[in-house]
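What follows is one structure encoded as structure tokens, with my remarks underneath.
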Amino acid sequence: MVTRRREPYSIERLIEYCIRDLKLETGLNDRRIFAAWDKASGAAEYTMDRYFRNGTLCCSISSSVVRSMLTVRRPQILKDMNDILRNDEGEISGKGKMLEVKKLILR
């Protein structure tokens with residue numbers, strides 16, 4: 001990161017610049033989303049695989065019983081996850097966008 005300004009920067013701002021410059025933003029935000037899933041769903045031990053793309057979180061659940069219970073609770077889980085993400089101080093969503101899960105797919 002090369003800056004020509006001679007003004008001092010806060011350490012928080014420098015860290016944010018470095019994260020964006022190294023293109024770590026997407027991976028860090030995915031980790032925050034996965035942590036919010038674990039906390040809101042309570043099904044971390046049954047979650048085999050997960051990915052987040054374009055506002056959609058897709059989770060593979062190892063137990064059909066747990067998947068059925070989560071399907072019934074899906075609207076509440078989405079609300080809880082977005083509340084957790086909204087209150088996360090370390091969010092780096094880029095370009096003024098708010099990090100949000102719009103759709104949840106359970107497999």
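Every chain in the structure tokens has a letter given in the order shown (A, B, ...), and although residue numbers restart at 1 in each chain, ligands are simply numbered from 1 in the order shown.
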Problem - Contacts of A:Arg86 at 8 Å (only C-alpha atoms; same-chain gap of 4+ positions) as a VMD selection string - result: chain A and resid 82 98 to 100
Problem - Residue contacts of stretch 66-72 of chain A (10 Å, only C-alpha atoms) excluding same-chain residues fewer than 6 positions away, as a ChimeraX atom specification - result: /A:41-43,46-47,59-60,104-107
Store the residues picked out above in a file with C-alpha atoms, as a PDB file, in the first residue's frame.
ATOM      1  CA  SER A  41     -28.796 -22.073  14.373  1.00  0.00           C
ATOM      2  CA  GLY A  42     -27.070 -24.041  17.110  1.00  0.00           C
ATOM      3  CA  ALA A  43     -26.363 -26.700  14.481  1.00  0.00           C
ATOM      4  CA  TYR A  46     -24.374 -31.059  12.115  1.00  0.00           C
ATOM      5  CA  THR A  47     -23.178 -28.646   9.429  1.00  0.00           C
ATOM      6  CA  CYS A  59     -25.618 -25.325   4.289  1.00  0.00           C
ATOM      7  CA  SER A  60     -25.384 -29.111   4.061  1.00  0.00           C
ATOM      8  CA  LEU A 104     -30.965 -19.698   3.444  1.00  0.00           C
ATOM      9  CA  ILE A 105     -30.810 -23.052   1.647  1.00  0.00           C
ATOM     10  CA  LEU A 106     -30.625 -26.231   3.694  1.00  0.00           C
ATOM     11  CA  ARG A 107     -29.551 -29.495   2.058  1.00  0.00           C
TER      12      ARG A 107
END
Practice task
Using backbone DSSP assignments, extract all helix (DSSP H, G or I) residues from chain A; output them as a PyMOL selection string.
Solution key: chain A and resi 11-21+25-41+44-46+64-72+74-86
Exercise for the section: To one decimal in Å, tell me the separation between atom CA of A:Tyr51 and atom CA of A:Met81. Expected result: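 Going from atom CA of A:Tyr51 over to atom CA of A:Met81 covers 14.7 Å.
All residues of protein, DNA or RNA that reach within 8 Å of stretch 34-38 of chain A, judged by only C-alpha atoms and not counting those fewer than 6 positions away in the chain, are Ala44, Arg50, Ile77, Met81, Ile84 and Leu85 of chain A.
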Problem - Per-residue DSSP, chain A, filtered to strand (DSSP E or B), as a PyMOL selection string - result: chain A and resi 47-53+56-61+103-106
Would you write out those residues with N, CA and C atoms, as a compact mmCIF listing (two decimals), in the first residue's frame?
# COMPACT_ATOMS: atom_id res chain seq x y z
N THR A 47 -23.44 -29.33 10.70
CA THR A 47 -23.18 -28.65 9.43
C THR A 47 -21.91 -29.22 8.81
N MET A 48 -22.08 -29.88 7.66
CA MET A 48 -20.94 -30.52 6.99
C MET A 48 -20.23 -29.55 6.06
N ASP A 49 -20.98 -28.80 5.29
CA ASP A 49 -20.39 -27.90 4.31
C ASP A 49 -21.28 -26.67 4.21
N ARG A 50 -20.69 -25.55 3.88
CA ARG A 50 -21.46 -24.32 3.72
C ARG A 50 -20.71 -23.36 2.82
N TYR A 51 -21.47 -22.54 2.10
CA TYR A 51 -20.87 -21.49 1.31
C TYR A 51 -21.85 -20.33 1.20
N PHE A 52 -21.30 -19.15 0.95
CA PHE A 52 -22.09 -17.92 0.86
C PHE A 52 -21.77 -17.26 -0.46
N ARG A 53 -22.83 -16.97 -1.23
CA ARG A 53 -22.64 -16.31 -2.52
C ARG A 53 -23.87 -15.47 -2.83
N THR A 56 -26.88 -15.48 -0.52
CA THR A 56 -27.48 -16.77 -0.22
C THR A 56 -26.48 -17.64 0.54
N LEU A 57 -26.91 -18.15 1.69
CA LEU A 57 -26.10 -19.08 2.46
C LEU A 57 -26.65 -20.47 2.23
N CYS A 58 -25.81 -21.38 1.79
CA CYS A 58 -26.21 -22.76 1.53
C CYS A 58 -25.46 -23.65 2.52
N CYS A 59 -26.21 -24.45 3.28
CA CYS A 59 -25.62 -25.32 4.29
C CYS A 59 -26.05 -26.76 4.06
N SER A 60 -25.09 -27.68 4.12
CA SER A 60 -25.38 -29.11 4.06
C SER A 60 -25.44 -29.63 5.49
N ILE A 61 -26.56 -30.23 5.85
CA ILE A 61 -26.79 -30.71 7.21
C ILE A 61 -26.74 -32.24 7.19
N LYS A 103 -31.10 -15.19 1.84
CA LYS A 103 -31.76 -16.47 1.60
C LYS A 103 -30.93 -17.58 2.25
N LEU A 104 -31.62 -18.57 2.79
CA LEU A 104 -30.96 -19.70 3.44
C LEU A 104 -31.44 -20.98 2.79
N ILE A 105 -30.50 -21.77 2.27
CA ILE A 105 -30.81 -23.05 1.65
C ILE A 105 -30.22 -24.15 2.51
N LEU A 106 -31.06 -25.11 2.89
CA LEU A 106 -30.63 -26.23 3.69
C LEU A 106 -30.69 -27.50 2.86
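Rounded to one decimal, atom CA of A:Asp88 and atom CA of A:Glu7 lie 28.5 Å from each other.
Of note, atom CA of A:Arg32 and atom CA of A:Ser63 are spaced 23.8 Å apart.
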